[in-house]
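Worksheet for the structure shown next.
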Amino acid sequence: MNETMVTLVGNAATAVEFRETATGGMARFRLAVTPRRRDRETQLWTDGPTSFYTVWAWRTLAANLAGSVGIGEPLVVHGRLKVRDEERDGGRRTFVDVEAVAVGHDLSRGTAAFRRVVRTEPALTPPSHHGPDGGSEGAPGGTTDVSFAVREKVAVS
């Protein structure tokens with residue numbers, strides 16, 4: 001099957017919406033892409049028309065997006081282009097979506113600090129609130145579920 005893969009460079013136009021689903025997390029946000037060109041006559045930079053894309057992400061990428069991306073941040077998005085037409089309010093509208101494969105901050109416009117997600121194997125029994133040495137989980141010798149911390153951060157905000 002042929003798919004159209006695109007790489008977009010733009011800014012997060014909306015907050016990342018994160019939801020837990022039966023198959024894992026789902027996130028979406030809007031990406032604004034504005035071309036910038038040098039006007040040869042005036043020797044000034046000018047902005048072209050802004051295009052908006054809805055970016056969708058699933059599972060681990062969705063959870064990581066929710067904990068990492070804020071409105072206005074410069075991003076690079078790589079994924080599958082999906083164009084759909086819908087009938088709404090008596091008119092035909094076209095929607096352009098990108099099913100993200102990878103998303104990152106645009107480092108030509110700032111710096112970022114990468115933090116690897118600690119993945120834990122699912123336990124057969126629910127974990128206790130205390131580690132084997134009597135200390136709380138997350139303390140030395142305990143385990144930490146970072147994905148839980150990301151979900152909790154999203155629930156609070």
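Labeling convention for the structure tokens: chains A, B, ... as they appear, residues from 1 per chain, ligands from 1 in order of appearance.
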
Among stretch 41-88 of chain A, which residues does DSSP mark as helix (DSSP H, G or I) when it is run on the backbone? Keep the chain and numbering as in the structure and answer as an mmCIF file with C-alpha atoms, in the first residue's frame.
data_model
loop_
_atom_site.group_PDB
_atom_site.id
_atom_site.type_symbol
_atom_site.label_atom_id
_atom_site.label_comp_id
_atom_site.auth_asym_id
_atom_site.auth_seq_id
_atom_site.Cartn_x
_atom_site.Cartn_y
_atom_site.Cartn_z
ATOM 1 C CA ARG A 59 0.207 4.907 22.288
ATOM 2 C CA THR A 60 3.659 5.907 23.591
ATOM 3 C CA LEU A 61 4.063 8.813 21.177
ATOM 4 C CA ALA A 62 0.718 10.197 22.366
ATOM 5 C CA ALA A 63 1.707 10.053 26.054
ATOM 6 C CA ASN A 64 5.110 11.598 25.345
ATOM 7 C CA LEU A 65 3.505 14.422 23.341
ATOM 8 C CA ALA A 66 1.145 15.214 26.208
#

Per-residue nearest contacts of stretch 47-84 of chain A to stretch 88-105 of chain A (10 Å; only C-alpha atoms) as a Markdown table:
| residue | atom | partner | partner_atom | distance |
| --- | --- | --- | --- | --- |
| A:Ser51 | CA | A:Val96 | CA | 9.4 |
| A:Phe52 | CA | A:Val96 | CA | 7.8 |
| A:Tyr53 | CA | A:Asp97 | CA | 5.5 |
| A:Thr54 | CA | A:Asp97 | CA | 4.7 |
| A:Val55 | CA | A:Val98 | CA | 4.8 |
| A:Trp56 | CA | A:Glu99 | CA | 4.9 |
| A:Ala57 | CA | A:Ala100 | CA | 5.3 |
| A:Trp58 | CA | A:Ala100 | CA | 8.2 |
| A:Leu61 | CA | A:Ala102 | CA | 7.6 |
| A:Ala62 | CA | A:Ala100 | CA | 9.2 |
| A:Asn64 | CA | A:Val103 | CA | 9.6 |
| A:Leu65 | CA | A:Val103 | CA | 7.9 |
| A:Ser68 | CA | A:His105 | CA | 9.2 |
| A:Val69 | CA | A:His105 | CA | 8.3 |
| A:Glu73 | CA | A:His105 | CA | 7.4 |
| A:Pro74 | CA | A:His105 | CA | 5.8 |
| A:Leu75 | CA | A:His105 | CA | 4.4 |
| A:Val76 | CA | A:Gly104 | CA | 5.3 |
| A:Val77 | CA | A:Val103 | CA | 4.6 |
| A:His78 | CA | A:Ala102 | CA | 5.3 |
| A:Gly79 | CA | A:Ala100 | CA | 4.2 |
| A:Arg80 | CA | A:Glu99 | CA | 5.0 |
| A:Leu81 | CA | A:Val98 | CA | 4.7 |
| A:Lys82 | CA | A:Asp97 | CA | 5.0 |
| A:Val83 | CA | A:Val96 | CA | 4.6 |
| A:Arg84 | CA | A:Phe95 | CA | 5.3 |

query = What is the atom CA of A:Thr14 to atom CA of A:Gly67 distance in Å?
reply = 14.2 Å

remark   = re atom CA of A:Thr7 and atom CA of A:Thr23: distance 26.0 Å

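Interatomic distance, atom CA of A:Thr46 to atom CA of A:Ala12: 20.3 Å.
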
query = Can you tell me, as a PyMOL selection string, what residues are no more than 8 Å from A:Ala13 when counting only C-alpha atoms, ignoring any on the same chain fewer than 6 positions away?
reply = chain A and resi 29-32+71-72
